[in-house]
>>> print(open('start.json').read())   # JSON, C-alpha atoms
[["chain", "number", "residue", "atom", "x", "y", "z"],
["N", 28, "MET", "CA", 70.79, 101.43, 114.35],
["N", 29, "ILE", "CA", 71.32, 105.17, 113.74],
["N", 30, "GLN", "CA", 72.78, 105.59, 117.24],
["N", 31, "THR", "CA", 75.22, 102.76, 116.59],
["N", 32, "LEU", "CA", 76.35, 104.40, 113.32],
["N", 33, "GLN", "CA", 76.72, 107.76, 115.08],
["N", 34, "ARG", "CA", 78.86, 106.16, 117.80],
["N", 35, "ILE", "CA", 81.04, 104.42, 115.21],
["N", 36, "GLY", "CA", 81.42, 107.70, 113.30],
["N", 37, "PHE", "CA", 82.35, 109.58, 116.50],
["N", 38, "LEU", "CA", 84.83, 106.87, 117.48],
["N", 39, "SER", "CA", 86.41, 106.95, 114.00],
["N", 40, "VAL", "CA", 86.82, 110.73, 114.11],
["N", 41, "PHE", "CA", 88.20, 110.55, 117.67],
["N", 42, "LEU", "CA", 90.73, 107.88, 116.73],
["N", 43, "CYS", "CA", 91.77, 109.79, 113.62],
["N", 44, "PHE", "CA", 92.42, 112.99, 115.59],
["N", 45, "SER", "CA", 94.13, 111.02, 118.34],
["N", 46, "TYR", "CA", 96.49, 109.42, 115.83],
["N", 47, "PHE", "CA", 97.41, 112.73, 114.17],
["N", 48, "GLY", "CA", 97.85, 114.40, 117.54],
["N", 49, "PHE", "CA", 100.14, 111.57, 118.65],
["N", 50, "ALA", "CA", 102.23, 111.77, 115.47],
["N", 51, "GLN", "CA", 102.61, 115.53, 115.89],
["N", 52, "THR", "CA", 103.64, 115.04, 119.50],
["N", 53, "ASN", "CA", 106.37, 112.61, 118.42],
["N", 54, "LEU", "CA", 107.60, 115.05, 115.78],
["N", 55, "SER", "CA", 107.77, 117.88, 118.32],
["N", 56, "LEU", "CA", 109.52, 115.62, 120.81],
["N", 57, "VAL", "CA", 112.11, 114.49, 118.25],
["N", 58, "GLN", "CA", 112.73, 118.05, 117.00],
["N", 59, "GLN", "CA", 113.20, 119.32, 120.55],
["N", 60, "TYR", "CA", 115.56, 116.46, 121.45],
["N", 61, "ILE", "CA", 117.71, 117.02, 118.35],
["N", 62, "ARG", "CA", 117.98, 120.76, 119.06],
["N", 63, "GLN", "CA", 118.85, 120.21, 122.74],
["N", 64, "HIS", "CA", 121.42, 117.48, 121.99],
["N", 65, "ALA", "CA", 122.82, 118.82, 118.69],
["N", 66, "SER", "CA", 126.43, 118.90, 119.90],
["N", 67, "GLU", "CA", 126.23, 115.32, 121.24],
["N", 68, "LEU", "CA", 124.78, 114.21, 117.91],
["N", 69, "GLY", "CA", 127.62, 115.90, 116.00],
["N", 70, "ILE", "CA", 125.38, 118.57, 114.53],
["N", 71, "ASN", "CA", 126.06, 122.30, 114.44],
["N", 72, "PRO", "CA", 123.58, 123.78, 116.97],
["N", 73, "ALA", "CA", 123.24, 126.89, 114.80],
["N", 74, "SER", "CA", 122.04, 124.84, 111.82],
["N", 75, "ASN", "CA", 118.48, 124.64, 113.19],
["N", 76, "VAL", "CA", 117.94, 121.07, 111.95],
["N", 77, "THR", "CA", 114.40, 120.14, 110.98],
["N", 78, "VAL", "CA", 113.14, 116.65, 110.32],
["N", 79, "GLU", "CA", 110.03, 114.96, 109.02],
["N", 80, "ILE", "CA", 108.66, 111.64, 110.18],
["N", 81, "MET", "CA", 108.94, 109.01, 107.46],
["N", 82, "SER", "CA", 107.30, 106.29, 109.55],
["N", 83, "GLU", "CA", 106.56, 105.17, 113.08],
["N", 84, "ALA", "CA", 106.46, 101.63, 114.43],
["N", 85, "PRO", "CA", 105.23, 100.58, 117.84],
["N", 86, "SER", "CA", 107.43, 98.07, 119.59],
["N", 87, "LYS", "CA", 106.13, 94.78, 120.94],
["N", 88, "THR", "CA", 107.14, 96.22, 124.30],
["N", 89, "PRO", "CA", 104.33, 98.47, 125.59],
["N", 90, "GLY", "CA", 105.07, 102.21, 125.65],
["N", 91, "ILE", "CA", 107.90, 102.10, 123.10],
["N", 92, "THR", "CA", 107.72, 103.59, 119.62],
["N", 93, "HIS", "CA", 110.44, 103.69, 116.96],
["N", 94, "VAL", "CA", 110.30, 106.88, 114.87],
["N", 95, "TYR", "CA", 112.18, 107.09, 111.57],
["N", 96, "VAL", "CA", 113.00, 110.66, 110.49],
["N", 97, "ARG", "CA", 114.59, 112.41, 107.52],
["N", 98, "GLN", "CA", 116.54, 115.66, 107.71],
["N", 99, "LEU", "CA", 115.26, 118.67, 105.78],
["N", 100, "ILE", "CA", 116.69, 122.05, 104.85],
["N", 101, "ASN", "CA", 114.34, 124.59, 103.29],
["N", 102, "GLY", "CA", 111.81, 121.74, 103.13],
["N", 103, "ILE", "CA", 114.13, 119.73, 100.85],
["N", 104, "PRO", "CA", 115.47, 116.32, 102.01],
["N", 105, "VAL", "CA", 119.16, 115.90, 102.79],
["N", 106, "THR", "CA", 120.45, 112.70, 101.16],
["N", 107, "ASN", "CA", 121.22, 110.09, 103.85],
["N", 108, "GLY", "CA", 120.31, 112.57, 106.61],
["N", 109, "LEU", "CA", 118.41, 109.98, 108.64],
["N", 110, "ALA", "CA", 117.84, 109.00, 112.24],
["N", 111, "THR", "CA", 115.93, 106.34, 114.13],
["N", 112, "VAL", "CA", 114.59, 107.61, 117.42],
["N", 113, "THR", "CA", 113.26, 105.34, 120.16],
["N", 114, "ILE", "CA", 110.65, 106.91, 122.41],
["N", 115, "LYS", "CA", 109.60, 105.27, 125.67],
["N", 116, "ASN", "CA", 106.61, 106.69, 127.50],
["N", 117, "GLY", "CA", 107.07, 110.13, 125.94],
["N", 118, "THR", "CA", 110.86, 110.34, 126.44],
["N", 119, "VAL", "CA", 113.61, 109.87, 123.85],
["N", 120, "VAL", "CA", 115.77, 106.99, 125.10],
["N", 121, "TYR", "CA", 117.92, 106.21, 122.05],
["N", 122, "VAL", "CA", 118.95, 107.81, 118.75],
["N", 123, "ALA", "CA", 120.64, 105.99, 115.88],
["N", 124, "ASN", "CA", 121.98, 109.10, 114.22],
["N", 125, "ARG", "CA", 122.93, 109.61, 110.58],
["N", 126, "LEU", "CA", 121.91, 113.27, 110.42],
["N", 127, "LYS", "CA", 124.37, 115.42, 108.52],
["N", 128, "ASN", "CA", 126.38, 118.20, 110.15],
["N", 129, "VAL", "CA", 125.58, 120.87, 107.59],
["N", 130, "SER", "CA", 125.26, 124.60, 107.49],
["N", 131, "ASN", "CA", 122.00, 126.18, 106.47],
["N", 132, "THR", "CA", 121.82, 127.38, 102.91],
["N", 133, "ASN", "CA", 119.68, 129.68, 100.86],
["N", 134, "ILE", "CA", 120.33, 127.68, 97.68],
["N", 135, "THR", "CA", 116.96, 126.49, 96.38],
["N", 136, "ILE", "CA", 117.67, 126.30, 92.64],
["N", 137, "PRO", "CA", 119.95, 123.51, 91.35],
["N", 138, "ALA", "CA", 122.86, 124.39, 89.05],
["N", 139, "LEU", "CA", 121.24, 122.16, 86.38],
["N", 140, "ASN", "CA", 117.57, 121.84, 85.56],
["N", 141, "ALA", "CA", 116.13, 118.31, 85.78],
["N", 142, "GLN", "CA", 116.29, 117.66, 82.03],
["N", 143, "ASP", "CA", 119.97, 118.66, 81.82],
["N", 144, "ALA", "CA", 120.78, 116.61, 84.93],
["N", 145, "LEU", "CA", 119.13, 113.55, 83.35],
["N", 146, "SER", "CA", 121.05, 114.11, 80.11],
["N", 147, "LYS", "CA", 124.34, 114.30, 82.05],
["N", 148, "ALA", "CA", 123.45, 111.14, 84.00],
["N", 149, "LEU", "CA", 122.74, 109.29, 80.75],
["N", 150, "GLN", "CA", 126.10, 110.45, 79.36],
["N", 151, "GLN", "CA", 127.88, 109.18, 82.49],
["N", 152, "LEU", "CA", 126.10, 105.83, 82.07],
["N", 153, "GLY", "CA", 127.08, 105.65, 78.39],
["N", 154, "VAL", "CA", 123.45, 105.66, 77.29],
["N", 155, "SER", "CA", 122.44, 107.63, 74.22],
["N", 156, "SER", "CA", 119.13, 109.37, 73.87],
["N", 157, "THR", "CA", 117.49, 110.90, 70.84],
["N", 158, "GLY", "CA", 114.86, 113.55, 71.13],
["N", 159, "PRO", "CA", 114.13, 116.04, 73.88],
["N", 160, "ILE", "CA", 113.40, 115.14, 77.50],
["N", 161, "LYS", "CA", 110.09, 116.70, 78.48],
["N", 162, "VAL", "CA", 108.59, 117.61, 81.85],
["N", 163, "LEU", "CA", 105.29, 115.70, 82.11],
["N", 164, "LYS", "CA", 104.25, 116.69, 85.65],
["N", 165, "THR", "CA", 105.52, 119.03, 88.31],
["N", 166, "THR", "CA", 104.64, 120.09, 91.83],
["N", 167, "GLY", "CA", 103.76, 123.74, 92.43],
["N", 168, "ASP", "CA", 107.22, 124.49, 93.83],
["N", 169, "ASN", "CA", 109.02, 122.39, 91.18],
["N", 170, "SER", "CA", 110.66, 120.24, 93.86],
["N", 171, "GLU", "CA", 109.36, 117.06, 92.19],
["N", 172, "LEU", "CA", 109.01, 116.40, 88.48],
["N", 173, "LEU", "CA", 108.12, 113.56, 86.18],
["N", 174, "LEU", "CA", 110.27, 113.47, 83.04],
["N", 175, "SER", "CA", 109.48, 111.67, 79.80],
["N", 176, "LYS", "CA", 111.00, 108.20, 79.40],
["N", 177, "GLY", "CA", 112.35, 108.94, 75.94],
["N", 178, "ASP", "CA", 113.94, 106.03, 74.10],
["N", 179, "PHE", "CA", 116.22, 105.04, 77.00],
["N", 180, "SER", "CA", 113.86, 104.13, 79.86],
["N", 181, "LEU", "CA", 111.05, 101.64, 80.41],
["N", 182, "GLU", "CA", 109.18, 104.19, 82.55],
["N", 183, "ASP", "CA", 108.90, 107.93, 82.92],
["N", 184, "VAL", "CA", 111.65, 109.25, 85.19],
["N", 185, "PRO", "CA", 110.76, 110.77, 88.60],
["N", 186, "ALA", "CA", 113.08, 113.57, 89.71],
["N", 187, "LYS", "CA", 113.17, 115.14, 93.16],
["N", 188, "LYS", "CA", 115.30, 117.96, 94.56],
["N", 189, "VAL", "CA", 117.69, 116.82, 97.31],
["N", 190, "TYR", "CA", 120.67, 118.28, 99.11],
["N", 191, "LEU", "CA", 123.96, 116.38, 99.02],
["N", 192, "ALA", "CA", 126.39, 117.11, 101.84],
["N", 193, "ASN", "CA", 130.13, 116.64, 101.58],
["N", 194, "GLU", "CA", 132.40, 115.81, 104.55],
["N", 195, "ALA", "CA", 132.88, 119.52, 105.31],
["N", 196, "GLY", "CA", 129.11, 119.97, 105.57],
["N", 197, "ASN", "CA", 128.80, 122.01, 102.39],
["N", 198, "LEU", "CA", 125.55, 121.46, 100.55],
["N", 199, "GLN", "CA", 124.89, 121.07, 96.87],
["N", 200, "LEU", "CA", 121.36, 121.01, 95.51],
["N", 201, "ALA", "CA", 120.90, 118.11, 93.12],
["N", 202, "TRP", "CA", 118.26, 115.89, 91.51],
["N", 203, "ASP", "CA", 117.49, 112.39, 92.78],
["N", 204, "MET", "CA", 116.28, 110.25, 89.85],
["N", 205, "SER", "CA", 115.39, 106.62, 89.21],
["N", 206, "ILE", "CA", 115.93, 105.45, 85.65],
["N", 207, "ALA", "CA", 114.68, 102.04, 84.47],
["N", 208, "LEU", "CA", 117.03, 101.65, 81.51],
["N", 209, "LYS", "CA", 115.71, 99.64, 78.57],
["N", 210, "ASN", "CA", 119.01, 97.73, 78.33],
["N", 211, "GLY", "CA", 118.56, 96.51, 81.91],
["N", 212, "GLU", "CA", 121.97, 97.77, 83.03],
["N", 213, "HIS", "CA", 122.70, 99.93, 86.09]]
>>> encode(input="start.json", output="structure tokens")
Amino acid sequence: MIQTLQRIGFLSVFLCFSYFGFAQTNLSLVQQYIRQHASELGINPASNVTVEIMSEAPSKTPGITHVYVRQLINGIPVTNGLATVTIKNGTVVYVANRLKNVSNTNITIPALNAQDALSKALQQLGVSSTGPIKVLKTTGDNSELLLSKGDFSLEDVPAKKVYLANEAGNLQLAWDMSIALKNGEH
């Protein structure tokens, strides 16, 4: 009985490390492909694009995996900077590319703090709010916050730093927020 449990434990640990090793291999493969084919993908080769894997899905066809990635700059997501990469037997065979052709930036602090950005968003939506908007939770680097729901939202408001790219590839650091308005609009 103990030997069986030891074997199961060893197999679980082996499979866990095998999975993480496989995921890292796919990330390295995708990063390398994007860097080597940047011009073909419409990306500035000097921009040193980095991505993170959002999810992976094996195909019904053996040996094929679909990898869904998101573009990052300074560890911050680029809005709509996405790609789907198909890998067959360890080789990239197809890329559905929506990565943004952007220049690197050193901007890591948004022009508005999250509370002011939420206030401006509420103004644009024609929603009034009384009382201050408070930060309830934050990550260590302040890239993600949870703001109080105030009298305008059904739920507290998550806010996350993101880069927005314009057509010229210029980046603006902004806040991505989801507001569940009490009036049900928007």
>>> atom_distance(input="start.json", atom1="atom CA of Ala141 of chain N", atom2="atom CA of Ala186 of chain N")
6.9 Å
>>> closest_residue(input="start.json", among="N:Ala65, N:Ile160, N:Val76, N:Leu191", to="Asn107 of chain N", atoms="only C-alpha atoms")
N:Leu191
>>> residues_around(input="start.json", residues="segment 87-99 of chain N", least_positions_apart="6", cutoff="10 Å", atoms="all atoms listed in the file", output="count of residues only")
36
>>> residues_near_point(input="start.json", point="(121.9, 127.7, 105.2)", cutoff="9 Å", atoms="only C-alpha atoms", output="PDB file with C-alpha atoms, keeping the file's coordinate frame")
ATOM      1  CA  SER N  74     122.040 124.840 111.820  1.00  0.00           C
ATOM      2  CA  ILE N 100     116.690 122.050 104.850  1.00  0.00           C
ATOM      3  CA  ASN N 101     114.340 124.590 103.290  1.00  0.00           C
ATOM      4  CA  VAL N 129     125.580 120.870 107.590  1.00  0.00           C
ATOM      5  CA  SER N 130     125.260 124.600 107.490  1.00  0.00           C
ATOM      6  CA  ASN N 131     122.000 126.180 106.470  1.00  0.00           C
ATOM      7  CA  THR N 132     121.820 127.380 102.910  1.00  0.00           C
ATOM      8  CA  ASN N 133     119.680 129.680 100.860  1.00  0.00           C
ATOM      9  CA  ILE N 134     120.330 127.680  97.680  1.00  0.00           C
ATOM     10  CA  LEU N 198     125.550 121.460 100.550  1.00  0.00           C
TER      11      LEU N 198
END
>>> atom_distance(input="start.json", atom1="atom CA of Gln151 of chain N", atom2="atom CA of Glu212 of chain N")
12.9 Å
>>> atom_distance(input="start.json", atom1="atom CA of Leu152 of chain N", atom2="atom CA of Leu208 of chain N")
10.0 Å
>>> residues_around(input="start.json", residues="Pro72 of chain N", least_positions_apart="5", cutoff="10 Å", atoms="all atoms listed in the file", output="number ranges by chain")
N: 61-67, 128, 130
>>> write_last_selection(input="start.json", atoms="C-alpha atoms", output="PDB file, in the frame of the given file")
ATOM      1  CA  ILE N  61     117.710 117.020 118.350  1.00  0.00           C
ATOM      2  CA  ARG N  62     117.980 120.760 119.060  1.00  0.00           C
ATOM      3  CA  GLN N  63     118.850 120.210 122.740  1.00  0.00           C
ATOM      4  CA  HIS N  64     121.420 117.480 121.990  1.00  0.00           C
ATOM      5  CA  ALA N  65     122.820 118.820 118.690  1.00  0.00           C
ATOM      6  CA  SER N  66     126.430 118.900 119.900  1.00  0.00           C
ATOM      7  CA  GLU N  67     126.230 115.320 121.240  1.00  0.00           C
ATOM      8  CA  ASN N 128     126.380 118.200 110.150  1.00  0.00           C
ATOM      9  CA  SER N 130     125.260 124.600 107.490  1.00  0.00           C
TER      10      SER N 130
END
>>> closest_residue(input="start.json", among="N:Leu181, N:Leu68, N:Val154, N:Ala84", to="Ile206 of chain N", atoms="only C-alpha atoms")
N:Leu181
>>> closest_residue(input="start.json", among="N:Ala148, N:Met204, N:Ile136, N:Leu56", to="Ile103 of chain N", atoms="all atoms listed in the file")
N:Ile136
>>> axis_aligned_box(input="start.json", around="segment 92-96 of chain N", padding_each_side="4 Å", output="AutoDock Vina command-line options")
--center_x 110.4 --center_y 107.1 --center_z 115.1 --size_x 13.3 --size_y 15.1 --size_z 17.1
>>> closest_residue(input="start.json", among="N:Gly177, N:Gly196, N:Pro185, N:Gly211", to="Gly69 of chain N", atoms="all atoms listed in the file")
N:Gly196
>>> residues_around(input="start.json", residues="Lys187 of chain N", least_positions_apart="4", cutoff="7 Å", atoms="all atoms listed in the file", output="NGL selection string")
:N and (170-172 or 202-204)
>>> write_last_selection(input="start.json", atoms="C-alpha atoms", output="compact mmCIF listing (two decimals), in the frame of the given file")
# COMPACT_ATOMS: atom_id res chain seq x y z
CA SER N 170 110.66 120.24 93.86
CA GLU N 171 109.36 117.06 92.19
CA LEU N 172 109.01 116.40 88.48
CA TRP N 202 118.26 115.89 91.51
CA ASP N 203 117.49 112.39 92.78
CA MET N 204 116.28 110.25 89.85
